[in-house]
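Colleague: Next comes work-v2.txt, compact mmCIF, C-alpha atoms and all ligand atoms:
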# COMPACT_ATOMS: atom_id res chain seq x y z
CA MET S 1 -10.60 0.01 -23.11
CA THR S 2 -7.59 -2.20 -22.79
CA ASN S 3 -7.59 -5.56 -24.54
CA PHE S 4 -6.35 -8.49 -22.53
CA GLN S 5 -5.08 -11.51 -24.36
CA GLY S 6 -6.55 -13.83 -21.73
CA VAL S 7 -3.34 -14.90 -20.03
CA ALA S 8 -3.78 -18.05 -17.92
CA THR S 9 -2.77 -16.97 -14.44
CA GLU S 10 -0.89 -19.65 -12.53
CA VAL S 11 -0.64 -19.72 -8.73
CA LEU S 12 2.54 -21.16 -7.30
CA PRO S 13 2.83 -21.70 -3.52
CA VAL S 14 6.13 -20.64 -1.95
CA ASP S 15 7.43 -20.82 1.59
CA ALA S 16 7.43 -17.24 2.90
CA GLN S 17 10.65 -17.63 4.88
CA HIS S 18 12.58 -20.06 2.66
CA PRO S 19 11.18 -19.80 -0.87
CA GLY S 20 12.18 -22.78 -3.01
CA PRO S 21 14.61 -21.96 -5.84
CA GLU S 22 12.45 -23.68 -8.49
CA ALA S 23 9.40 -21.49 -7.92
CA ILE S 24 11.57 -18.39 -7.71
CA GLU S 25 13.39 -19.27 -10.93
CA ARG S 26 10.07 -19.84 -12.75
CA ALA S 27 8.89 -16.42 -11.62
CA ALA S 28 12.22 -14.75 -12.44
CA ALA S 29 12.16 -16.19 -15.98
CA ILE S 30 8.72 -14.62 -16.50
CA ILE S 31 10.02 -11.23 -15.31
CA ARG S 32 13.09 -11.46 -17.58
CA ALA S 33 10.81 -12.27 -20.55
CA GLY S 34 8.76 -9.12 -19.94
CA GLY S 35 5.87 -10.87 -18.12
CA LEU S 36 4.09 -10.03 -14.88
CA VAL S 37 4.32 -11.78 -11.51
CA ALA S 38 2.44 -10.88 -8.33
CA PHE S 39 4.41 -11.60 -5.17
CA PRO S 40 4.18 -11.03 -1.42
CA THR S 41 6.07 -8.22 0.25
CA GLU S 42 5.99 -7.25 3.92
CA THR S 43 3.58 -4.37 3.11
CA VAL S 44 1.03 -5.70 0.55
CA TYR S 45 1.19 -7.95 -2.56
CA GLY S 46 3.06 -6.32 -5.44
CA LEU S 47 2.38 -6.63 -9.18
CA GLY S 48 5.89 -6.95 -10.57
CA GLY S 49 7.51 -6.44 -13.94
CA ASN S 50 11.02 -5.57 -15.15
CA ALA S 51 11.44 -1.92 -14.12
CA LEU S 52 13.93 -1.24 -16.93
CA ASP S 53 11.68 -2.67 -19.69
CA ALA S 54 9.21 -0.03 -20.89
CA ALA S 55 6.91 -2.65 -22.46
CA ALA S 56 6.72 -4.63 -19.19
CA VAL S 57 5.98 -1.43 -17.29
CA ARG S 58 3.17 -0.57 -19.74
CA ARG S 59 1.69 -4.03 -19.11
CA ILE S 60 1.61 -3.33 -15.36
CA PHE S 61 -0.46 -0.20 -16.00
CA ALA S 62 -2.77 -2.09 -18.39
CA ALA S 63 -3.33 -5.02 -15.99
CA LYS S 64 -4.24 -2.67 -13.13
CA GLU S 65 -6.03 -0.15 -15.36
CA ARG S 66 -3.84 2.31 -13.50
CA ALA S 67 -3.76 5.95 -14.59
CA PRO S 68 -0.46 6.53 -16.46
CA SER S 69 0.05 9.62 -14.28
CA ASP S 70 0.53 7.47 -11.14
CA PRO S 71 4.22 6.47 -10.90
CA LEU S 72 5.46 3.06 -9.71
CA ILE S 73 7.86 2.04 -6.96
CA VAL S 74 11.04 0.32 -8.18
CA HIS S 75 12.16 -2.53 -5.90
CA ILE S 76 15.79 -3.52 -5.45
CA ALA S 77 17.37 -6.32 -3.40
CA ASP S 78 20.74 -4.75 -2.62
CA ALA S 79 21.42 -1.21 -1.48
CA ALA S 80 24.36 -1.12 -3.93
CA ASP S 81 21.79 -1.16 -6.76
CA LEU S 82 20.36 2.17 -5.63
CA SER S 83 22.81 4.02 -7.89
CA ARG S 84 21.46 2.10 -10.94
CA ILE S 85 18.07 3.70 -10.29
CA ALA S 86 18.79 7.05 -8.62
CA ARG S 87 21.32 9.49 -10.03
CA GLU S 88 21.78 11.40 -6.77
CA VAL S 89 21.42 10.09 -3.24
CA PRO S 90 21.62 12.88 -0.64
CA GLY S 91 23.25 12.01 2.70
CA ALA S 92 19.89 12.20 4.47
CA ALA S 93 18.43 9.61 2.07
CA MET S 94 21.43 7.33 2.68
CA ALA S 95 20.91 7.61 6.44
CA LEU S 96 17.23 6.64 6.07
CA ALA S 97 18.08 3.74 3.75
CA ARG S 98 20.69 2.49 6.21
CA GLN S 99 18.20 2.55 9.07
CA PHE S 100 14.98 1.33 7.44
CA TRP S 101 16.08 -0.97 4.58
CA PRO S 102 15.20 -3.71 4.12
CA GLY S 103 11.71 -2.53 5.09
CA PRO S 104 8.60 -0.44 4.42
CA LEU S 105 10.25 2.87 3.43
CA THR S 106 10.21 4.24 -0.14
CA LEU S 107 12.63 7.01 -1.15
CA VAL S 108 11.82 9.42 -4.00
CA LEU S 109 15.07 10.57 -5.63
CA PRO S 110 16.32 12.01 -8.95
CA LYS S 111 16.10 9.22 -11.51
CA GLN S 112 18.69 7.55 -13.70
CA ALA S 113 18.14 7.60 -17.47
CA ALA S 114 17.90 3.78 -17.47
CA VAL S 115 14.53 3.97 -15.73
CA PRO S 116 11.90 4.36 -18.49
CA PRO S 117 9.61 7.41 -18.24
CA GLU S 118 6.58 5.08 -18.14
CA ALA S 119 7.66 3.89 -14.68
CA THR S 120 7.82 7.40 -13.24
CA ALA S 121 4.86 8.99 -15.05
CA GLY S 122 7.35 11.17 -16.89
CA LEU S 123 8.74 12.66 -13.67
CA ASP S 124 12.47 13.29 -13.26
CA THR S 125 12.30 11.45 -9.92
CA VAL S 126 11.90 7.77 -9.12
CA ALA S 127 10.55 5.95 -6.07
CA VAL S 128 12.83 3.15 -4.77
CA ARG S 129 12.38 0.56 -2.04
CA LEU S 130 14.35 -2.39 -0.70
CA PRO S 131 11.73 -4.76 0.76
CA SER S 132 12.42 -7.22 3.59
CA HIS S 133 10.17 -10.09 2.49
CA PRO S 134 12.33 -13.15 1.62
CA VAL S 135 10.17 -13.95 -1.44
CA ALA S 136 10.47 -10.42 -2.83
CA LEU S 137 14.23 -10.37 -2.25
CA ALA S 138 14.76 -13.80 -3.81
CA LEU S 139 12.68 -12.87 -6.86
CA ILE S 140 14.49 -9.57 -7.50
CA ARG S 141 17.90 -11.26 -7.14
CA ALA S 142 16.97 -14.17 -9.42
CA ALA S 143 15.49 -11.85 -12.06
CA GLY S 144 18.74 -9.89 -12.09
CA THR S 145 16.83 -6.65 -12.61
CA PRO S 146 15.02 -4.12 -10.46
CA ILE S 147 11.28 -4.87 -10.31
CA ALA S 148 8.62 -2.18 -10.62
CA ALA S 149 5.72 -3.23 -8.45
CA PRO S 150 2.62 -1.29 -7.48
CA SER S 151 0.06 -2.95 -5.24
CA ALA S 152 -1.51 -5.98 -6.95
CA ASN S 153 -5.09 -4.67 -7.20
CA ARG S 154 -7.19 -2.82 -9.78
CA PHE S 155 -6.56 0.92 -9.75
CA THR S 156 -8.39 2.85 -6.96
CA ARG S 157 -9.51 -0.40 -5.30
CA THR S 158 -8.57 -2.05 -2.01
CA SER S 159 -4.98 -3.32 -1.99
CA ALA S 160 -4.30 -7.08 -2.00
CA THR S 161 -2.78 -8.70 1.07
CA THR S 162 -3.26 -12.35 0.01
CA ALA S 163 -2.90 -14.34 -3.23
CA ALA S 164 -6.69 -14.79 -3.29
CA HIS S 165 -7.15 -11.00 -3.29
CA VAL S 166 -4.73 -10.74 -6.23
CA LEU S 167 -6.80 -13.27 -8.21
CA GLU S 168 -10.02 -11.37 -7.45
CA ASP S 169 -8.62 -8.38 -9.33
CA LEU S 170 -6.02 -9.69 -11.78
CA ASP S 171 -6.88 -13.28 -12.78
CA GLY S 172 -6.35 -13.63 -16.54
CA ARG S 173 -4.19 -10.48 -16.71
CA ILE S 174 -0.86 -11.66 -15.29
CA GLU S 175 1.24 -14.79 -15.78
CA LEU S 176 1.86 -15.84 -12.18
CA VAL S 177 1.05 -15.28 -8.53
CA LEU S 178 3.63 -16.42 -5.99
CA ASP S 179 1.50 -17.38 -2.99
CA GLY S 180 3.58 -16.88 0.14
CA GLY S 181 0.67 -16.40 2.54
CA PRO S 182 -0.61 -13.07 3.84
CA ALA S 183 1.48 -9.89 3.62
CA ILE S 184 2.83 -8.90 7.02
CA VAL S 185 2.31 -5.19 7.74
CA GLY S 186 -0.86 -4.86 5.67
CA VAL S 187 -0.56 -1.21 4.60
CA GLU S 188 1.76 0.28 1.97
CA SER S 189 5.21 1.73 2.60
CA THR S 190 5.93 5.19 3.92
CA VAL S 191 6.89 7.29 0.86
CA VAL S 192 9.33 10.16 1.40
CA ALA S 193 10.90 12.58 -1.06
CA VAL S 194 14.35 13.78 -0.05
CA ASP S 195 15.75 17.01 -1.47
CA ALA S 196 17.93 19.90 -0.38
CA ALA S 197 14.99 21.52 1.43
CA GLY S 198 14.27 18.48 3.60
CA VAL S 199 12.34 15.24 3.87
CA HIS S 200 8.72 15.31 2.68
CA VAL S 201 6.39 12.49 3.71
CA LEU S 202 4.18 11.88 0.66
CA ARG S 203 2.36 8.84 2.07
CA PRO S 204 2.24 7.73 5.72
CA GLY S 205 3.11 4.08 6.41
CA ALA S 206 4.61 1.79 9.02
CA VAL S 207 7.73 3.97 9.37
CA SER S 208 6.51 6.89 11.47
CA LEU S 209 7.35 10.58 11.21
CA GLU S 210 8.93 10.35 14.66
CA ALA S 211 11.17 7.44 13.61
CA LEU S 212 12.29 9.37 10.50
CA ARG S 213 13.12 12.43 12.60
CA ALA S 214 15.01 10.42 15.23
CA THR S 215 17.12 8.68 12.58
CA LEU S 216 18.06 11.91 10.83
CA ARG S 217 18.89 13.59 14.12
CA GLU S 218 21.14 10.72 15.19
CA ALA S 219 22.89 10.73 11.81
CA GLY S 220 23.55 14.47 12.17
CA HIS S 221 21.21 15.66 9.40
CA ASP S 222 19.61 18.83 10.64
CA ILE S 223 16.84 19.10 8.03
CA PRO S 224 13.08 19.44 8.40
CA VAL S 225 10.78 16.40 8.11
CA GLU S 226 7.29 17.42 7.05
CA VAL S 227 4.08 15.81 5.89
CA ALA S 228 3.61 17.14 2.36
CA ARG S 229 0.27 18.79 1.68
CA PRO S 230 -1.39 17.79 -1.60
CA GLN S 231 -1.04 21.29 -3.07
CA ALA S 232 2.62 21.43 -2.02
CA ALA S 233 3.34 18.22 -3.92
CA PRO S 234 1.04 18.01 -6.93
CA ALA S 235 3.44 15.48 -8.47
CA SER S 236 2.58 12.78 -5.94
CA PRO S 237 -0.40 11.00 -7.41
CA GLY S 238 -0.47 8.52 -4.49
CA MET S 239 -2.21 11.41 -2.81
CA LEU S 240 -5.12 10.89 -5.18
CA GLU S 241 -8.22 11.32 -3.11
CA LYS S 242 -9.99 8.15 -4.24
CA HIS S 243 -7.91 5.11 -3.50
CA TYR S 244 -8.09 1.77 -1.66
CA ALA S 245 -11.89 1.83 -2.09
CA PRO S 246 -14.20 -1.15 -1.52
CA ARG S 247 -17.16 -1.66 -3.84
CA ALA S 248 -19.58 -0.88 -1.01
CA ARG S 249 -19.97 2.71 0.15
CA LEU S 250 -17.71 3.43 3.13
CA CYS S 251 -18.80 5.78 5.89
CA TYR S 252 -15.78 6.76 8.01
CA VAL S 253 -16.19 8.60 11.31
CA ARG S 254 -13.20 10.55 12.67
CA GLY S 255 -12.88 11.82 16.22
CA PRO S 256 -12.70 10.64 19.86
CA ARG S 257 -13.93 7.08 20.48
CA GLU S 258 -17.11 7.72 22.51
CA ASP S 259 -18.38 10.44 20.19
CA ALA S 260 -17.50 8.41 17.11
CA LEU S 261 -19.32 5.32 18.42
CA ALA S 262 -22.40 7.40 19.29
CA ARG S 263 -22.40 8.82 15.77
CA LEU S 264 -21.92 5.35 14.27
CA ARG S 265 -25.06 4.16 16.10
CA LYS S 266 -27.02 7.03 14.56
CA GLU S 267 -25.65 6.37 11.10
CA LEU S 268 -26.49 2.67 11.45
CA ASP S 269 -30.06 3.57 12.42
CA ALA S 270 -30.34 5.86 9.42
CA ALA S 271 -29.09 3.05 7.18
CA ALA S 272 -31.77 0.61 8.37
CA GLY S 273 -33.04 -1.41 5.41
CA GLN S 274 -29.61 -1.45 3.78
CA GLN S 275 -27.14 -4.30 4.16
CA ALA S 276 -24.62 -2.79 6.56
CA GLY S 277 -21.14 -3.98 7.48
CA LEU S 278 -18.92 -2.98 10.38
CA LEU S 279 -15.14 -2.72 10.09
CA LEU S 280 -14.17 -2.14 13.72
CA PRO S 281 -11.89 -3.37 16.49
CA ASP S 282 -13.20 -6.04 18.87
CA ASP S 283 -13.69 -3.64 21.78
CA ASP S 284 -15.87 -1.34 19.62
CA LEU S 285 -17.95 -4.31 18.50
CA ALA S 286 -18.45 -5.28 22.14
CA ALA S 287 -19.42 -1.70 23.04
CA LEU S 288 -22.00 -1.55 20.23
CA GLY S 289 -23.66 -4.63 21.72
CA ASP S 290 -26.94 -5.69 20.11
CA VAL S 291 -26.50 -3.39 17.09
CA VAL S 292 -23.81 -5.77 15.93
CA SER S 293 -26.12 -8.74 15.52
CA ALA S 294 -28.03 -6.99 12.71
CA THR S 295 -24.91 -6.36 10.66
CA THR S 296 -22.07 -8.17 8.93
CA VAL S 297 -18.86 -7.76 10.85
CA ALA S 298 -15.16 -7.69 10.00
CA SER S 299 -13.16 -7.57 13.20
CA LEU S 300 -9.86 -5.66 13.27
CA GLY S 301 -8.59 -7.19 16.52
CA PRO S 302 -7.94 -5.16 19.70
CA SER S 303 -7.93 -1.38 19.08
CA ASP S 304 -4.66 -0.96 20.98
CA ASP S 305 -2.89 -3.43 18.70
CA LEU S 306 -2.43 -1.30 15.59
CA GLU S 307 -0.20 -3.89 13.96
CA ALA S 308 -3.09 -6.35 14.06
CA VAL S 309 -5.48 -3.67 12.76
CA ALA S 310 -3.21 -2.78 9.82
CA HIS S 311 -2.71 -6.45 9.04
CA ARG S 312 -6.49 -7.06 8.86
CA LEU S 313 -7.60 -3.78 7.30
CA TYR S 314 -7.73 -4.61 3.57
CA ALA S 315 -8.82 -8.22 4.14
CA GLY S 316 -11.71 -6.82 6.22
CA LEU S 317 -12.80 -4.43 3.47
CA ARG S 318 -12.62 -7.22 0.89
CA ALA S 319 -14.50 -9.69 3.14
CA LEU S 320 -17.35 -7.18 3.61
CA ASP S 321 -17.49 -6.64 -0.16
CA ALA S 322 -17.58 -10.40 -0.69
CA ALA S 323 -20.48 -10.65 1.80
CA GLY S 324 -22.40 -8.24 -0.43
CA VAL S 325 -22.89 -5.38 2.05
CA GLU S 326 -24.03 -2.03 0.62
CA VAL S 327 -22.48 0.26 3.20
CA ILE S 328 -19.49 -0.20 5.53
CA PHE S 329 -18.96 1.75 8.76
CA ALA S 330 -15.52 2.36 10.26
CA ARG S 331 -14.00 4.79 12.74
CA GLN S 332 -10.65 6.47 13.29
CA LEU S 333 -8.17 4.87 15.68
CA THR S 334 -5.63 6.98 17.49
CA GLY S 335 -1.99 6.18 18.16
CA ASP S 336 1.44 6.23 16.56
CA GLY S 337 2.69 6.05 12.96
CA LEU S 338 0.52 3.12 11.94
CA ALA S 339 -2.61 4.94 13.17
CA ARG S 340 -1.77 7.77 10.77
CA ALA S 341 -1.30 5.31 7.90
CA ILE S 342 -4.58 3.51 8.66
CA ASP S 343 -6.42 6.85 8.92
CA ASP S 344 -4.94 7.96 5.57
CA ARG S 345 -6.13 4.78 3.82
CA LEU S 346 -9.63 4.87 5.33
CA ARG S 347 -10.11 8.56 4.50
CA ARG S 348 -9.25 7.92 0.85
CA ALA S 349 -11.29 4.72 0.68
CA ALA S 350 -14.34 6.47 2.17
CA THR S 351 -17.38 7.74 0.28
CA THR S 352 -18.30 9.90 3.29
CA VAL S 353 -16.01 11.20 6.02
CA ILE S 354 -17.77 12.48 9.16
CA GLU S 355 -15.81 14.54 11.70
CA VAL S 356 -17.17 14.48 15.25
CA ALA S 357 -15.88 16.81 17.92
CA GLU S 358 -15.69 16.30 21.68
P1 LIG I 1 1.68 2.00 -5.07
O1 LIG I 1 2.60 1.47 -6.08
O2 LIG I 1 0.24 1.75 -5.40
O3 LIG I 1 2.05 1.59 -3.69
O4 LIG I 1 1.83 3.59 -5.14
C1 LIG I 1 3.10 4.18 -5.29
C2 LIG I 1 3.00 5.63 -4.87
O5 LIG I 1 4.31 6.15 -4.67
C3 LIG I 1 2.43 6.56 -5.95
O6 LIG I 1 1.05 6.55 -5.98
C4 LIG I 1 3.01 7.90 -5.53
O7 LIG I 1 2.27 8.50 -4.51
C5 LIG I 1 4.34 7.54 -4.95
N1 LIG I 1 5.39 7.83 -5.93
C6 LIG I 1 5.97 6.98 -6.78
N2 LIG I 1 6.89 7.59 -7.54
C7 LIG I 1 6.87 8.89 -7.18
C8 LIG I 1 7.59 10.05 -7.60
N3 LIG I 1 8.52 9.99 -8.55
N4 LIG I 1 7.30 11.22 -7.01
C9 LIG I 1 6.36 11.29 -6.03
N5 LIG I 1 5.65 10.23 -5.59
C10 LIG I 1 5.90 9.04 -6.14
MG MG I 2 -1.71 0.96 -4.72
What would you get if you wrote out this structure as structure tokens?
Ligand code: AMP
Ligand code: MG
Modeller:
Amino acid sequence: MTNFQGVATEVLPVDAQHPGPEAIERAAAIIRAGGLVAFPTETVYGLGGNALDAAAVRRIFAAKERAPSDPLIVHIADAADLSRIAREVPGAAMALARQFWPGPLTLVLPKQAAVPPEATAGLDTVAVRLPSHPVALALIRAAGTPIAAPSANRFTRTSATTAAHVLEDLDGRIELVLDGGPAIVGVESTVVAVDAAGVHVLRPGAVSLEALRATLREAGHDIPVEVARPQAAPASPGMLEKHYAPRARLCYVRGPREDALARLRKELDAAAGQQAGLLLPDDDLAALGDVVSATTVASLGPSDDLEAVAHRLYAGLRALDAAGVEVIFARQLTGDGLARAIDDRLRRAATTVIEVAE
């Protein structure tokens, strides 16, 4: 077990669009001194420490109780800093960075010696991202160092998309939370490894496979873009099966809407006597009718607005946990890149995945 020295965690409000220099400087001083600061990004809240300071990186792992085999993402504020972190940047990676940075795309590239092995779980590659959130950018610039920042939650649990979520998991373990309101996208970045053989999507996110392909095609890079299978990329621990999990059991039904809703009704019947929660879009809740009144509900917004669904996903899981439900029911939504990211998170968060066919 890790010993925590009982750090008093301070919460400092910041304006998300125009963060005040005083708050940012306070946070930056903590990072420079080897401390930990949670901060908003456009994906989820990050738990940041100096990426080039091995002791600070070890503290990130301790605070999260994260397995040392799960590497961190290093955040930079200027594309020119990429060469401080990555020793080789293939043309295809440059083209992706140019198109999607600042934003929710993480590139896995050969690492520079300056990045401590603790940050990369001993791998010879490093994950790098240039976020778009003004608070994240201001903090990295003021700290004057790249910031390693995994999601600001306990290992394997639901990611944090608000400062309150961060406190639920990390109060007393980190020096500061910069509270800039809710994270924007709500699910983590798309992670891609770029090598001579092509572009491998290690984790789906807001940047879709189609968008990656279109960008590479336009930039004249004729290389394959593939979703990596777990066995093809054993070195990507973000593909850990259990991840993002609520405390309650999660029953996740995959398949076409009508069949999935019919199956959900049956599962709800079978769970009678247990405190059940529903994590579903508004139109599903309406379709389930009177069943809904007997359950606790976290609405995801309209099912055809995947941005709203992604934005509410983790807050919904945490709200159902806070309401004390024993089992949560959710179903797969279909659509573009974000649908794939949401499906990936729910599959890993689930205790049971049920596939229904037409
Ligand atoms: P998180 O910080 O929780 O958003 O997770 C970061 C994820 O990025 C990890 O769990 C890995 O899947 C992925 N990642 C980070 N560094 C590497 C790397 N060097 N090689 C492959 N995947 C990586
Ligand atoms: Mg995480």
Colleague: Sorted by chain and rising residue number, which residues of chain S lie within 10 Å of ligand MG 2 (chain I), and what are their closest atom pairs and distances in Å to one decimal, counting all atoms listed in the file, as a tab-separated table?
Modeller:
residue	atom	partner	partner_atom	distance
S:Val44	CA	I:MG2	MG	8.9
S:Tyr45	CA	I:MG2	MG	9.6
S:Gly46	CA	I:MG2	MG	8.7
S:Leu47	CA	I:MG2	MG	9.7
S:Lys64	CA	I:MG2	MG	9.5
S:Arg66	CA	I:MG2	MG	9.1
S:Asp70	CA	I:MG2	MG	9.4
S:Leu72	CA	I:MG2	MG	9.0
S:Ile73	CA	I:MG2	MG	9.9
S:Ala149	CA	I:MG2	MG	9.3
S:Pro150	CA	I:MG2	MG	5.6
S:Ser151	CA	I:MG2	MG	4.3
S:Ala152	CA	I:MG2	MG	7.3
S:Asn153	CA	I:MG2	MG	7.0
S:Arg154	CA	I:MG2	MG	8.4
S:Phe155	CA	I:MG2	MG	7.0
S:Thr156	CA	I:MG2	MG	7.3
S:Arg157	CA	I:MG2	MG	7.9
S:Thr158	CA	I:MG2	MG	8.0
S:Ser159	CA	I:MG2	MG	6.0
S:Ala160	CA	I:MG2	MG	8.9
S:Val187	CA	I:MG2	MG	9.6
S:Glu188	CA	I:MG2	MG	7.6
S:Gly238	CA	I:MG2	MG	7.7
S:His243	CA	I:MG2	MG	7.6
S:Tyr244	CA	I:MG2	MG	7.1
Colleague: Using only C-alpha atoms, can you tell me which of S:Leu107, S:Leu36, S:Ile24, S:Ala95 comes closest to Ala62 of chain S?
Modeller: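 Checking each of S:Leu107, S:Leu36, S:Ile24, S:Ala95 against Ala62 of chain S, counting only C-alpha atoms, the winner is S:Leu36.
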Colleague: So what do you get for atom CA of Phe329 of chain S versus atom CA of Leu278 of chain S, distance-wise?
Modeller: 5.0 Å
Colleague: Between S:Arg141, S:His18, S:Arg203, S:Arg129, single out the one closest to ligand LIG 1 (chain I), counting only C-alpha atoms and all ligand atoms.
Modeller: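 Ranking S:Arg141, S:His18, S:Arg203, S:Arg129 by distance to ligand LIG 1 (chain I), first place goes to S:Arg203.
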Colleague: Could you state the separation of atom CA of Glu226 of chain S and atom CA of Ala341 of chain S in Å, given to one decimal place?
Modeller: 14.9 Å
Colleague: Out of S:Lys111, S:Arg217, S:Arg59, S:His311, which residue has the shortest atom-to-atom distance to ligand LIG 1 (chain I) when counting all atoms listed in the file?
Modeller: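 Closest to ligand LIG 1 (chain I), using all atoms listed in the file: S:Lys111.
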Colleague: Could you pull the residues within 8 Å of Ser189 of chain S, counting all atoms listed in the file, minus those fewer than 5 positions along the same chain, as a ChimeraX atom specification?
Modeller: /S:43,104-106,203-207
Colleague: Keeping only C-alpha atoms, take the residues you just selected and write them out as a PDB file, in the frame of the given file.
Modeller:
ATOM      1  CA  THR S  43       3.580  -4.370   3.110  1.00  0.00           C
ATOM      2  CA  PRO S 104       8.600  -0.440   4.420  1.00  0.00           C
ATOM      3  CA  LEU S 105      10.250   2.870   3.430  1.00  0.00           C
ATOM      4  CA  THR S 106      10.210   4.240  -0.140  1.00  0.00           C
ATOM      5  CA  ARG S 203       2.360   8.840   2.070  1.00  0.00           C
ATOM      6  CA  PRO S 204       2.240   7.730   5.720  1.00  0.00           C
ATOM      7  CA  GLY S 205       3.110   4.080   6.410  1.00  0.00           C
ATOM      8  CA  ALA S 206       4.610   1.790   9.020  1.00  0.00           C
ATOM      9  CA  VAL S 207       7.730   3.970   9.370  1.00  0.00           C
TER      10      VAL S 207
END
Colleague: Can you list, as a PDB file with C-alpha atoms, keeping the file's coordinate frame, every protein, DNA or RNA residue that comes within 7 Å of segment 108-110 of chain S when you count all atoms listed in the file, leaving out same-chain residues fewer than 6 positions away?
Modeller:
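And here is the file that came out, selection03.pdb:
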ATOM      1  CA  ALA S  86      18.790   7.050  -8.620  1.00  0.00           C
ATOM      2  CA  ARG S  87      21.320   9.490 -10.030  1.00  0.00           C
ATOM      3  CA  GLU S  88      21.780  11.400  -6.770  1.00  0.00           C
ATOM      4  CA  VAL S  89      21.420  10.090  -3.240  1.00  0.00           C
ATOM      5  CA  ASP S 124      12.470  13.290 -13.260  1.00  0.00           C
ATOM      6  CA  THR S 125      12.300  11.450  -9.920  1.00  0.00           C
ATOM      7  CA  VAL S 126      11.900   7.770  -9.120  1.00  0.00           C
ATOM      8  CA  ALA S 127      10.550   5.950  -6.070  1.00  0.00           C
ATOM      9  CA  VAL S 128      12.830   3.150  -4.770  1.00  0.00           C
ATOM     10  CA  VAL S 192       9.330  10.160   1.400  1.00  0.00           C
ATOM     11  CA  ALA S 193      10.900  12.580  -1.060  1.00  0.00           C
ATOM     12  CA  VAL S 194      14.350  13.780  -0.050  1.00  0.00           C
TER      13      VAL S 194
END
Colleague: From the set S:Ile76, S:Ala319, S:Leu216, S:Ile354, which residue has the shortest atom-to-atom contact distance to Ile140 of chain S, counting only C-alpha atoms?
Modeller: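 When distances to Ile140 of chain S are compared using only C-alpha atoms, the smallest one comes from S:Ile76.
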Colleague: Nearest residue to Ala93 of chain S out of S:Gly198, S:Pro246, S:Gly316, S:Gly337, using only C-alpha atoms?
Modeller: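 For Ala93 of chain S, the nearest of the candidates is S:Gly198.
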Colleague: So that I can check the surroundings of Gly103 of chain S, please list as a PyMOL selection string every protein, DNA and RNA residue that reaches within 7 Å of it, counting all atoms listed in the file and ignoring chain neighbours fewer than 3 positions away.
Modeller: chain S and resi 100+130-132
Colleague: Taking into account only C-alpha atoms and all ligand atoms, which residue in the set S:Ala260, S:Ala211, S:Ile85, S:Ala294 is nearest to ligand LIG 1 (chain I)?
Modeller: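 For ligand LIG 1 (chain I), the nearest of the given residues is S:Ile85.
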Colleague: Could you please determine the separation between atom CA of Ala350 of chain S and atom CA of Glu326 of chain S in Å, to one decimal place?
Modeller: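 Distance reported for this atom pair: 13.0 Å.
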Colleague: Show which residues sit within 8 Å of Phe39 of chain S, as a PyMOL selection string. Count all atoms listed in the file, and ignore same-chain residues fewer than 3 positions away.
Modeller: chain S and resi 45-48+135-136+177-180
Colleague: Please identify all polymer residues within 9 Å of Arg173 of chain S, counting all atoms listed in the file, omitting same-chain residues fewer than 5 positions from it, and present them as a CSV table (one decimal) with C-alpha atoms, in the frame of the given file.
Modeller:
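Below you can see part_9.csv, which holds the result:
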chain,number,residue,atom,x,y,z
S,4,PHE,CA,-6.4,-8.5,-22.5
S,5,GLN,CA,-5.1,-11.5,-24.4
S,6,GLY,CA,-6.6,-13.8,-21.7
S,7,VAL,CA,-3.3,-14.9,-20.0
S,8,ALA,CA,-3.8,-18.0,-17.9
S,9,THR,CA,-2.8,-17.0,-14.4
S,36,LEU,CA,4.1,-10.0,-14.9
S,62,ALA,CA,-2.8,-2.1,-18.4
S,63,ALA,CA,-3.3,-5.0,-16.0
S,64,LYS,CA,-4.2,-2.7,-13.1
